[in-house]
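This is coords.tsv (TSV, C-alpha atoms and all ligand atoms).
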```
chain	number	residue	atom	x	y	z
A	175	MET	CA	-5.90	-11.27	9.55
A	176	SER	CA	-9.44	-12.41	8.99
A	177	PHE	CA	-11.84	-10.93	6.48
A	178	SER	CA	-15.52	-11.11	7.26
A	179	ARG	CA	-16.45	-9.59	3.92
A	180	VAL	CA	-14.22	-9.39	0.91
A	181	MET	CA	-15.01	-8.24	-2.58
A	182	ALA	CA	-12.04	-9.46	-4.61
A	183	LEU	CA	-12.24	-6.97	-7.47
A	184	PRO	CA	-13.22	-3.33	-7.65
A	185	ALA	CA	-16.32	-2.94	-9.83
A	186	PHE	CA	-14.30	-0.47	-11.90
A	187	VAL	CA	-10.79	0.94	-12.18
A	188	GLU	CA	-10.32	4.00	-14.38
A	189	ILE	CA	-6.83	5.16	-15.38
A	190	GLY	CA	-6.37	8.24	-17.53
A	191	ARG	CA	-6.26	12.01	-17.75
A	192	GLY	CA	-8.96	14.48	-16.77
A	193	LEU	CA	-10.90	11.93	-14.74
A	194	PHE	CA	-11.36	13.89	-11.51
A	195	PRO	CA	-13.25	16.79	-13.14
A	196	ARG	CA	-15.60	14.17	-14.67
A	197	LEU	CA	-15.95	12.13	-11.48
A	198	LEU	CA	-19.72	12.54	-11.03
A	199	GLU	CA	-20.26	11.51	-14.64
A	200	LEU	CA	-18.03	8.46	-14.12
A	201	LEU	CA	-20.04	7.41	-11.09
A	202	GLU	CA	-23.25	7.63	-13.14
A	203	ASP	CA	-21.63	5.66	-15.98
A	204	HIS	CA	-20.86	2.88	-13.52
A	205	GLY	CA	-24.36	2.85	-12.11
A	206	LEU	CA	-23.52	4.51	-8.80
A	207	HIS	CA	-26.58	6.72	-8.32
A	208	HIS	CA	-26.10	7.89	-4.75
A	209	GLU	CA	-27.70	10.87	-3.06
A	210	ARG	CA	-26.01	10.95	0.34
A	211	ILE	CA	-22.26	11.09	-0.01
A	212	VAL	CA	-19.37	11.81	2.33
A	213	VAL	CA	-16.14	13.15	0.81
A	214	THR	CA	-12.84	12.76	2.64
A	215	SER	CA	-9.43	14.27	1.90
A	216	GLY	CA	-6.25	15.12	3.71
A	217	PRO	CA	-5.84	18.46	5.51
A	218	THR	CA	-3.17	19.94	3.22
A	219	PHE	CA	-2.39	19.21	-0.45
A	220	THR	CA	-5.52	17.21	-1.18
A	221	ALA	CA	-7.92	19.55	0.64
A	222	ARG	CA	-8.37	21.67	-2.49
A	223	LEU	CA	-9.53	18.60	-4.43
A	224	GLY	CA	-11.77	17.43	-1.59
A	225	GLU	CA	-13.42	20.84	-1.25
A	226	ASP	CA	-13.87	21.14	-5.00
A	227	LEU	CA	-15.64	17.77	-5.14
A	228	TYR	CA	-17.79	18.63	-2.13
A	229	HIS	CA	-18.99	21.86	-3.81
A	230	ARG	CA	-19.75	19.99	-7.02
A	231	LEU	CA	-21.90	17.52	-5.07
A	232	GLN	CA	-23.73	20.38	-3.38
A	233	ARG	CA	-24.37	22.10	-6.69
A	234	SER	CA	-25.86	18.82	-7.93
A	235	ALA	CA	-28.34	19.07	-5.04
A	236	LEU	CA	-26.96	15.99	-3.34
A	237	THR	CA	-26.69	15.64	0.43
A	238	ALA	CA	-22.99	15.79	1.12
A	239	ARG	CA	-20.54	16.08	3.98
A	240	TYR	CA	-16.85	16.84	3.74
A	241	LEU	CA	-14.30	15.70	6.27
A	242	GLN	CA	-10.54	16.19	6.43
A	243	ILE	CA	-8.66	13.21	7.83
A	244	ALA	CA	-5.60	14.17	9.85
A	245	SER	CA	-4.20	10.79	10.88
A	246	SER	CA	-4.81	7.07	10.50
A	247	THR	CA	-6.05	6.64	14.07
A	248	LEU	CA	-9.18	5.04	15.49
A	249	SER	CA	-10.46	8.44	16.66
A	250	GLU	CA	-10.45	9.62	13.04
A	251	VAL	CA	-12.26	6.41	12.07
A	252	GLU	CA	-14.92	7.19	14.72
A	253	ARG	CA	-15.29	10.78	13.55
A	254	LEU	CA	-15.88	9.60	9.99
A	255	ARG	CA	-18.32	6.88	11.09
A	256	GLU	CA	-20.38	9.54	12.85
A	257	ALA	CA	-20.43	11.70	9.71
A	258	LEU	CA	-21.53	8.71	7.64
A	259	ARG	CA	-24.35	7.91	10.08
A	260	GLU	CA	-25.41	11.54	10.39
A	261	ILE	CA	-26.51	11.81	6.76
A	262	ARG	CA	-27.17	8.06	6.35
A	263	ALA	CA	-24.53	8.05	3.62
A	264	THR	CA	-24.56	5.24	1.06
A	265	LEU	CA	-21.32	6.24	-0.64
A	266	ALA	CA	-18.01	7.76	0.43
A	267	ILE	CA	-15.39	9.19	-1.91
A	268	ALA	CA	-11.84	9.32	-0.53
A	269	VAL	CA	-9.50	11.77	-2.25
A	270	GLY	CA	-6.00	11.59	-0.88
A	271	GLY	CA	-2.97	9.60	0.18
A	272	GLY	CA	-2.55	6.52	2.33
A	273	LYS	CA	-3.99	7.82	5.60
A	274	VAL	CA	-7.16	9.16	4.01
A	275	LEU	CA	-7.73	5.92	2.11
A	276	ASP	CA	-7.00	3.74	5.16
A	277	VAL	CA	-9.37	5.59	7.48
A	278	THR	CA	-12.12	5.82	4.86
A	279	LYS	CA	-11.80	2.15	3.91
A	280	TYR	CA	-12.16	1.03	7.50
A	281	ALA	CA	-14.98	3.42	8.45
A	282	THR	CA	-17.05	2.61	5.33
A	283	TYR	CA	-16.48	-1.10	5.91
A	284	ARG	CA	-17.79	-0.80	9.47
A	285	GLU	CA	-20.79	1.30	8.37
A	286	ASN	CA	-21.53	-0.85	5.31
A	287	VAL	CA	-21.13	2.08	2.92
A	288	LEU	CA	-19.72	1.80	-0.62
A	289	LEU	CA	-16.36	3.43	-1.32
A	290	VAL	CA	-14.77	5.05	-4.34
A	291	THR	CA	-11.12	6.04	-4.01
A	292	VAL	CA	-9.28	8.80	-5.85
A	293	PRO	CA	-5.65	8.19	-4.80
A	294	THR	CA	-3.43	11.24	-5.11
A	295	THR	CA	-0.10	9.48	-4.57
A	296	PRO	CA	1.13	6.08	-5.75
A	297	SER	CA	3.27	5.59	-2.64
A	298	ASN	CA	1.98	2.13	-1.65
A	299	ASP	CA	-0.21	-0.78	-2.66
A	300	GLY	CA	-3.17	0.42	-0.60
A	301	ILE	CA	-4.66	2.32	-3.56
A	302	ALA	CA	-6.84	-0.59	-4.68
A	303	SER	CA	-6.63	-3.04	-1.79
A	304	PRO	CA	-9.02	-4.22	0.94
A	305	VAL	CA	-6.34	-3.69	3.61
A	306	ALA	CA	-6.26	-0.63	5.87
A	307	VAL	CA	-3.23	0.20	7.99
A	308	LEU	CA	-4.30	1.91	11.22
A	309	GLU	CA	-2.39	3.08	14.27
A	310	TRP	CA	-3.15	2.60	17.89
A	311	GLU	CA	-1.03	2.33	21.02
A	312	GLY	CA	1.97	3.40	18.97
A	313	LEU	CA	1.77	0.36	16.67
A	314	THR	CA	0.50	-0.11	13.12
A	315	HIS	CA	-2.11	-2.77	12.43
A	316	SER	CA	-3.12	-4.17	9.01
A	317	MET	CA	-6.89	-4.50	9.06
A	318	GLY	CA	-9.00	-6.43	6.59
A	319	THR	CA	-11.75	-4.20	5.21
A	320	GLN	CA	-13.62	-3.95	1.93
A	321	MET	CA	-12.27	-3.58	-1.58
A	322	PRO	CA	-13.15	-0.14	-2.96
A	323	THR	CA	-16.06	-0.36	-5.40
A	324	GLY	CA	-14.32	2.05	-7.72
A	325	VAL	CA	-10.75	3.31	-8.11
A	326	VAL	CA	-10.15	6.46	-10.14
A	327	LEU	CA	-6.50	7.03	-11.07
A	328	ASP	CA	-6.20	10.47	-12.63
A	329	LEU	CA	-2.73	10.85	-14.15
A	330	ASP	CA	-3.02	14.65	-14.06
A	331	ILE	CA	-3.19	14.40	-10.25
A	332	LEU	CA	-0.84	11.46	-9.71
A	333	GLU	CA	2.05	12.91	-11.73
A	334	GLN	CA	2.00	15.91	-9.36
A	335	ALA	CA	2.79	13.61	-6.42
A	336	PRO	CA	6.22	14.20	-4.87
A	337	GLU	CA	8.81	12.09	-6.66
A	338	ARG	CA	9.83	10.58	-3.34
A	339	ASN	CA	6.32	9.14	-2.89
A	340	VAL	CA	6.35	7.66	-6.38
A	341	ARG	CA	9.69	6.00	-5.65
A	342	ALA	CA	8.26	4.58	-2.43
A	343	GLY	CA	5.50	2.95	-4.48
A	344	ILE	CA	8.18	1.20	-6.55
A	345	GLY	CA	9.68	-0.25	-3.36
A	346	ASP	CA	6.31	-1.57	-2.23
A	347	VAL	CA	5.69	-3.27	-5.60
A	348	VAL	CA	9.13	-4.88	-5.99
A	349	ALA	CA	8.68	-6.41	-2.52
A	350	ASN	CA	6.01	-8.67	-4.04
A	351	LEU	CA	8.75	-10.81	-5.66
A	352	LEU	CA	10.03	-11.77	-2.22
A	353	ALA	CA	6.62	-11.85	-0.56
A	354	VAL	CA	5.25	-14.50	-2.94
A	355	ASP	CA	8.45	-16.51	-2.44
A	356	ASP	CA	7.89	-16.38	1.34
A	357	TRP	CA	4.27	-17.38	0.83
A	358	ARG	CA	5.22	-20.46	-1.22
A	359	LEU	CA	7.80	-21.45	1.40
A	360	ALA	CA	5.21	-21.07	4.17
A	361	ALA	CA	2.85	-23.35	2.21
A	362	GLU	CA	5.61	-25.94	1.67
A	363	GLU	CA	6.29	-25.87	5.40
A	364	GLY	CA	2.59	-26.41	6.10
A	365	ARG	CA	2.28	-22.97	7.69
A	366	ASP	CA	-0.09	-21.29	5.24
A	367	ARG	CA	-2.43	-21.85	2.30
A	368	TYR	CA	-1.08	-20.69	-1.04
A	369	ASP	CA	-3.24	-19.08	-3.72
A	370	ALA	CA	-1.39	-19.37	-7.03
A	371	VAL	CA	-3.61	-16.86	-8.87
A	372	ALA	CA	-3.13	-14.18	-6.23
A	373	ALA	CA	0.63	-14.87	-6.19
A	374	MET	CA	0.84	-14.63	-10.00
A	375	MET	CA	-0.91	-11.26	-10.00
A	376	ALA	CA	1.34	-9.86	-7.30
A	377	ALA	CA	4.54	-11.15	-8.94
A	378	THR	CA	3.60	-10.27	-12.53
A	379	GLY	CA	3.11	-6.59	-11.77
A	380	ALA	CA	6.51	-6.46	-10.08
A	381	GLU	CA	8.30	-8.42	-12.84
A	382	HIS	CA	6.91	-6.11	-15.53
A	383	LEU	CA	8.12	-3.08	-13.66
A	384	LEU	CA	11.69	-4.47	-13.54
A	385	LEU	CA	11.81	-4.23	-17.35
A	386	HIS	CA	11.55	-0.44	-17.31
A	387	ASP	CA	13.99	2.26	-16.28
A	388	PRO	CA	12.84	3.72	-12.95
A	389	ALA	CA	15.24	6.68	-12.95
A	390	GLU	CA	12.44	9.18	-13.76
A	391	PRO	CA	9.45	7.52	-12.16
A	392	ARG	CA	6.95	10.29	-12.91
A	393	ARG	CA	7.33	9.86	-16.67
A	394	PRO	CA	3.81	8.96	-17.84
A	395	ALA	CA	4.85	5.63	-19.37
A	396	PHE	CA	6.53	4.49	-16.15
A	397	LEU	CA	3.95	5.96	-13.81
A	398	GLU	CA	1.16	4.13	-15.59
A	399	ARG	CA	3.00	0.80	-15.28
A	400	LEU	CA	3.59	1.44	-11.60
A	401	LEU	CA	-0.12	2.08	-11.16
A	402	HIS	CA	-0.97	-1.15	-12.98
A	403	ALA	CA	1.34	-3.04	-10.63
A	404	LEU	CA	-0.13	-1.36	-7.53
A	405	VAL	CA	-3.68	-2.19	-8.67
A	406	LEU	CA	-2.68	-5.81	-9.36
A	407	SER	CA	-1.15	-5.96	-5.87
A	408	GLY	CA	-4.43	-4.75	-4.38
A	409	ILE	CA	-6.44	-7.28	-6.34
A	410	ALA	CA	-4.04	-10.04	-5.29
A	411	MET	CA	-4.75	-9.11	-1.66
A	412	GLY	CA	-8.48	-9.08	-2.40
A	413	LEU	CA	-8.30	-12.55	-3.95
A	414	SER	CA	-6.25	-14.11	-1.18
A	415	GLY	CA	-8.13	-12.33	1.59
A	416	SER	CA	-4.93	-11.08	3.20
A	417	SER	CA	-1.87	-8.91	2.55
A	418	ARG	CA	0.17	-12.11	2.16
A	419	PRO	CA	0.95	-11.85	-1.61
A	420	CYS	CA	2.50	-8.41	-1.05
A	421	SER	CA	4.04	-8.70	2.39
A	422	GLY	CA	6.75	-11.07	3.58
A	423	ALA	CA	10.02	-10.84	5.50
A	424	GLU	CA	10.85	-7.47	3.89
A	425	HIS	CA	7.64	-6.02	5.34
A	426	GLU	CA	8.34	-7.53	8.76
A	427	ILE	CA	11.69	-5.73	8.74
A	428	SER	CA	9.92	-2.47	7.81
A	429	HIS	CA	7.35	-2.99	10.60
A	430	ALA	CA	10.22	-3.57	13.04
A	431	LEU	CA	11.90	-0.35	11.87
A	432	ASP	CA	8.55	1.43	12.48
A	433	ARG	CA	8.57	0.19	16.08
A	434	LEU	CA	12.23	0.86	16.82
A	435	PHE	CA	12.67	4.14	14.94
A	436	PRO	CA	9.25	5.74	14.36
A	437	GLY	CA	9.14	8.15	11.43
A	438	LEU	CA	12.41	6.81	9.95
A	439	ALA	CA	11.26	6.84	6.31
A	440	LEU	CA	8.29	6.14	4.04
A	441	HIS	CA	6.82	2.64	4.11
A	442	GLY	CA	8.00	1.83	0.57
A	443	GLU	CA	11.50	3.14	1.32
A	444	GLN	CA	11.91	0.92	4.38
A	445	VAL	CA	10.42	-2.00	2.45
A	446	ALA	CA	12.98	-1.45	-0.33
A	447	LEU	CA	15.83	-1.85	2.16
A	448	GLY	CA	14.14	-4.96	3.59
A	449	THR	CA	13.70	-6.31	0.06
A	450	VAL	CA	17.42	-6.13	-0.73
A	451	PHE	CA	18.27	-7.93	2.51
A	452	SER	CA	15.55	-10.51	2.03
A	453	ALA	CA	16.65	-11.21	-1.58
A	454	TYR	CA	20.24	-11.93	-0.48
A	455	LEU	CA	19.12	-13.85	2.61
A	456	ARG	CA	17.64	-16.54	0.36
A	457	ASN	CA	20.05	-16.11	-2.57
A	458	HIS	CA	17.16	-15.16	-4.82
A	459	PRO	CA	18.24	-15.61	-8.46
A	460	LEU	CA	17.22	-12.01	-9.20
A	461	ALA	CA	18.87	-10.54	-6.08
A	462	PRO	CA	21.48	-8.39	-7.91
A	463	GLN	CA	18.88	-7.15	-10.46
A	464	ILE	CA	16.44	-6.29	-7.68
A	465	ARG	CA	19.10	-4.37	-5.73
A	466	ASP	CA	20.37	-2.49	-8.78
A	467	PHE	CA	16.83	-1.62	-9.89
A	468	LEU	CA	15.92	-0.25	-6.47
A	469	ARG	CA	19.17	1.70	-6.38
A	470	ARG	CA	18.49	3.18	-9.82
A	471	ALA	CA	15.00	4.09	-8.59
A	472	GLY	CA	16.70	6.17	-5.90
A	473	LEU	CA	15.48	3.96	-3.06
A	474	PRO	CA	17.48	3.02	0.06
A	475	THR	CA	19.60	-0.06	-0.62
A	476	ARG	CA	22.36	0.60	1.92
A	477	LEU	CA	21.99	1.04	5.67
A	478	LYS	CA	23.54	4.49	5.47
A	479	ASP	CA	20.79	5.60	3.07
A	480	LEU	CA	18.47	5.50	6.11
A	481	ASN	CA	21.18	6.56	8.59
A	482	LEU	CA	21.08	3.13	10.22
A	483	THR	CA	24.00	1.45	11.93
A	484	GLU	CA	24.57	-2.26	11.54
A	485	GLU	CA	23.56	-2.77	15.21
A	486	GLN	CA	20.27	-0.99	14.60
A	487	PHE	CA	19.53	-3.07	11.52
A	488	LEU	CA	20.42	-6.23	13.44
A	489	GLU	CA	17.93	-5.21	16.10
A	490	ALA	CA	15.23	-4.77	13.43
A	491	VAL	CA	15.97	-8.19	11.90
A	492	ALA	CA	15.71	-9.77	15.35
A	493	LEU	CA	12.42	-8.04	16.11
A	494	ALA	CA	10.91	-8.55	12.63
A	495	PRO	CA	9.24	-11.97	13.15
A	496	GLU	CA	7.40	-10.65	16.22
A	497	THR	CA	5.72	-7.90	14.22
A	498	ARG	CA	3.53	-10.41	12.36
A	499	PRO	CA	3.58	-13.54	14.55
A	500	ALA	CA	1.14	-15.48	12.37
A	501	ARG	CA	3.21	-14.96	9.23
A	502	PHE	CA	5.89	-17.51	8.33
A	503	THR	CA	8.61	-16.09	6.07
A	504	TYR	CA	12.15	-16.91	5.06
A	505	LEU	CA	13.33	-14.98	8.10
A	506	GLU	CA	11.55	-17.37	10.48
A	507	PHE	CA	12.81	-20.27	8.37
A	508	ALA	CA	16.48	-19.26	8.22
A	509	GLN	CA	16.75	-17.56	11.63
A	510	PRO	CA	20.06	-15.93	10.70
A	511	THR	CA	22.61	-15.37	13.46
A	512	PRO	CA	24.20	-11.90	13.83
A	513	GLU	CA	27.28	-13.26	12.02
A	514	GLU	CA	25.13	-14.48	9.14
A	515	VAL	CA	23.30	-11.14	8.97
A	516	HIS	CA	26.70	-9.43	8.75
A	517	GLU	CA	27.78	-11.73	5.95
A	518	ILE	CA	24.52	-11.06	4.02
A	519	LEU	CA	24.93	-7.30	4.44
A	520	LEU	CA	28.42	-7.55	2.96
A	521	ARG	CA	27.27	-9.72	0.05
A	522	ALA	CA	24.35	-7.40	-0.69
A	523	GLU	CA	26.67	-4.36	-0.54
A	524	MET	CA	24.38	-2.89	2.09
A	525	VAL	CA	27.29	-1.79	4.30
B	1	ZN	ZN	3.54	-2.52	1.73
```
Rewritten as structure tokens:
Amino acid sequence: MSFSRVMALPAFVEIGRGLFPRLLELLEDHGLHHERIVVTSGPTFTARLGEDLYHRLQRSALTARYLQIASSTLSEVERLREALREIRATLAIAVGGGKVLDVTKYATYRENVLLVTVPTTPSNDGIASPVAVLEWEGLTHSMGTQMPTGVVLDLDILEQAPERNVRAGIGDVVANLLAVDDWRLAAEEGRDRYDAVAAMMAATGAEHLLLHDPAEPRRPAFLERLLHALVLSGIAMGLSGSSRPCSGAEHEISHALDRLFPGLALHGEQVALGTVFSAYLRNHPLAPQIRDFLRRAGLPTRLKDLNLTEEQFLEAVALAPETRPARFTYLEFAQPTPEEVHEILLRAEMV
């Protein structure tokens, strides 16, 4: 992935209660005086929030457009780019989940428009990252875009997210522990450049999370820590200029599952399963803790949790390296045989 323009840090990240109703005030406080603004949201749960914000902008006599984003496809990106051009927008505000953020990030990046995100679900590390995952020709692609200028994390909204989505966010964060390990290995093998600061940020968020009980992930104290870790993940990607600090072999396995069994589970759920395998593949010193934590978080840690057979998982492990050919991970390094994969699955109690 190459980044032609990267802002490593958002200009501001706000975490707290009652932030969305005060959003216009917050923008002013942070010096964002914009008069032509496009609001995006999803078509279902987040539409109410998107419409509400759009009406507030209109009442403030600002030129505004409101667009619902249905999918993370290039045609949605084009539709949004047209809307941005139509009113010569200088700011977009994305209110929603992963697809809304991904499409808005990419479209604003292409149109050189500033972006403020109001994530409504903590289901993955895209909430404060410069990476957008888009779909075309049946495949997902991680695209380098811009870091949002502002990220507004309203706990009143986020704690309403389905518990399953919150759990998925935990899976995506814990993966960082393996991803940074893969990154260091790739650097040692002369296959990549390592950025220690980015790696520390990605790993620290994940390590902190392991200290807390994830059984009720929407408890405010836990949710806030999860959000911290997701923001740190995003900043780590911004610093390194790629998704590398947060995506290693475990993500390759998830990408392979996407290709082989589309719609199998949420990104963070598939990543959690990949994380357990990846931890045991390299005998990571924290492997049992990582597995038990993910299990306690209610994430898939056994093949049967995702209704996968061992043959199907084997197929995914074999396909995984192809999903990100430029990325060297422990999987490419170890190249486990089917017998070795079987032995790892047994050791990890995944079968
Ligand atoms: Zn991820």
Find the residues near Val251 (chain A): any atom within 8 Å, counting only C-alpha atoms, skip ones fewer than 2 places away on the same chain, and give them as a PDB file with C-alpha atoms, keeping the file's coordinate frame.
```pdb
ATOM      1  CA  SER A 246      -4.810   7.070  10.500  1.00  0.00           C
ATOM      2  CA  THR A 247      -6.050   6.640  14.070  1.00  0.00           C
ATOM      3  CA  LEU A 248      -9.180   5.040  15.490  1.00  0.00           C
ATOM      4  CA  SER A 249     -10.460   8.440  16.660  1.00  0.00           C
ATOM      5  CA  ARG A 253     -15.290  10.780  13.550  1.00  0.00           C
ATOM      6  CA  LEU A 254     -15.880   9.600   9.990  1.00  0.00           C
ATOM      7  CA  ARG A 255     -18.320   6.880  11.090  1.00  0.00           C
ATOM      8  CA  VAL A 277      -9.370   5.590   7.480  1.00  0.00           C
ATOM      9  CA  THR A 278     -12.120   5.820   4.860  1.00  0.00           C
ATOM     10  CA  TYR A 280     -12.160   1.030   7.500  1.00  0.00           C
ATOM     11  CA  ALA A 281     -14.980   3.420   8.450  1.00  0.00           C
TER      12      ALA A 281
END
```
* Expected answer as a list of chain:residue names: residues within 9 Å of ligand ZN 1 (chain B), all atoms listed in the file ->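 So, counting all atoms listed in the file, the residues near ligand ZN 1 (chain B) are A:Asn298, A:Asp299, A:Gly300, A:Gly343, A:Gly345, A:Asp346, A:Val347, A:Ala349, A:Asn350, A:Ser417, A:Cys420, A:Ser421, A:His425, A:Ser428, A:His441, A:Gly442, A:Val445.
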Go ahead and save the picked residues with C-alpha atoms, as a PDB file, in the frame of the given file.
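The new file selection_3.pdb reads:
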```pdb
ATOM      1  CA  ASN A 298       1.980   2.130  -1.650  1.00  0.00           C
ATOM      2  CA  ASP A 299      -0.210  -0.780  -2.660  1.00  0.00           C
ATOM      3  CA  GLY A 300      -3.170   0.420  -0.600  1.00  0.00           C
ATOM      4  CA  GLY A 343       5.500   2.950  -4.480  1.00  0.00           C
ATOM      5  CA  GLY A 345       9.680  -0.250  -3.360  1.00  0.00           C
ATOM      6  CA  ASP A 346       6.310  -1.570  -2.230  1.00  0.00           C
ATOM      7  CA  VAL A 347       5.690  -3.270  -5.600  1.00  0.00           C
ATOM      8  CA  ALA A 349       8.680  -6.410  -2.520  1.00  0.00           C
ATOM      9  CA  ASN A 350       6.010  -8.670  -4.040  1.00  0.00           C
ATOM     10  CA  SER A 417      -1.870  -8.910   2.550  1.00  0.00           C
ATOM     11  CA  CYS A 420       2.500  -8.410  -1.050  1.00  0.00           C
ATOM     12  CA  SER A 421       4.040  -8.700   2.390  1.00  0.00           C
ATOM     13  CA  HIS A 425       7.640  -6.020   5.340  1.00  0.00           C
ATOM     14  CA  SER A 428       9.920  -2.470   7.810  1.00  0.00           C
ATOM     15  CA  HIS A 441       6.820   2.640   4.110  1.00  0.00           C
ATOM     16  CA  GLY A 442       8.000   1.830   0.570  1.00  0.00           C
ATOM     17  CA  VAL A 445      10.420  -2.000   2.450  1.00  0.00           C
TER      18      VAL A 445
END
```
* **Residue contacts of Glu489 (chain A) (12 Å, only C-alpha atoms) excluding same-chain residues fewer than 4 positions away, as a list in words** => Ile427, Ser428, Ala430, Leu431, Arg433, Leu434, Phe435, Leu482, Thr483, Glu484, Glu485, Leu493, Ala494, Pro495, Glu496, Thr511, Pro512 and Val515 of chain A
* Asked: Contacts of region 198-211 of chain A at 8 Å or less, counting all atoms listed in the file, minus same-chain residues fewer than 4 places along, as a PyMOL selection string?
  -> chain A and resi 186+193+236-239+261-267
* Using all atoms listed in the file, which residues sit within 12 Å of Lys478 (chain A) once same-chain residues fewer than 4 positions away are excluded, as an MDAnalysis selection string? -> chainID A and resid 447 473:474 482:484 486:487 519 523:525
Region 181-253 of chain A near region 398-406 of chain A within 12 Å: what's each residue's closest atom pair and its distance in Å to one decimal, counting only C-alpha atoms, ordered by chain then ascending residue number, as CSV?
```
residue,atom,partner,partner_atom,distance
A:Ala182,CA,A:Leu406,CA,11.1
A:Leu183,CA,A:Leu406,CA,9.8
A:Pro184,CA,A:Val405,CA,9.7
A:Phe186,CA,A:Val405,CA,11.2
A:Val187,CA,A:Val405,CA,8.5
A:Glu188,CA,A:Val405,CA,10.7
A:Ile189,CA,A:Glu398,CA,8.1
A:Gly190,CA,A:Glu398,CA,8.8
A:Arg191,CA,A:Glu398,CA,11.0
```
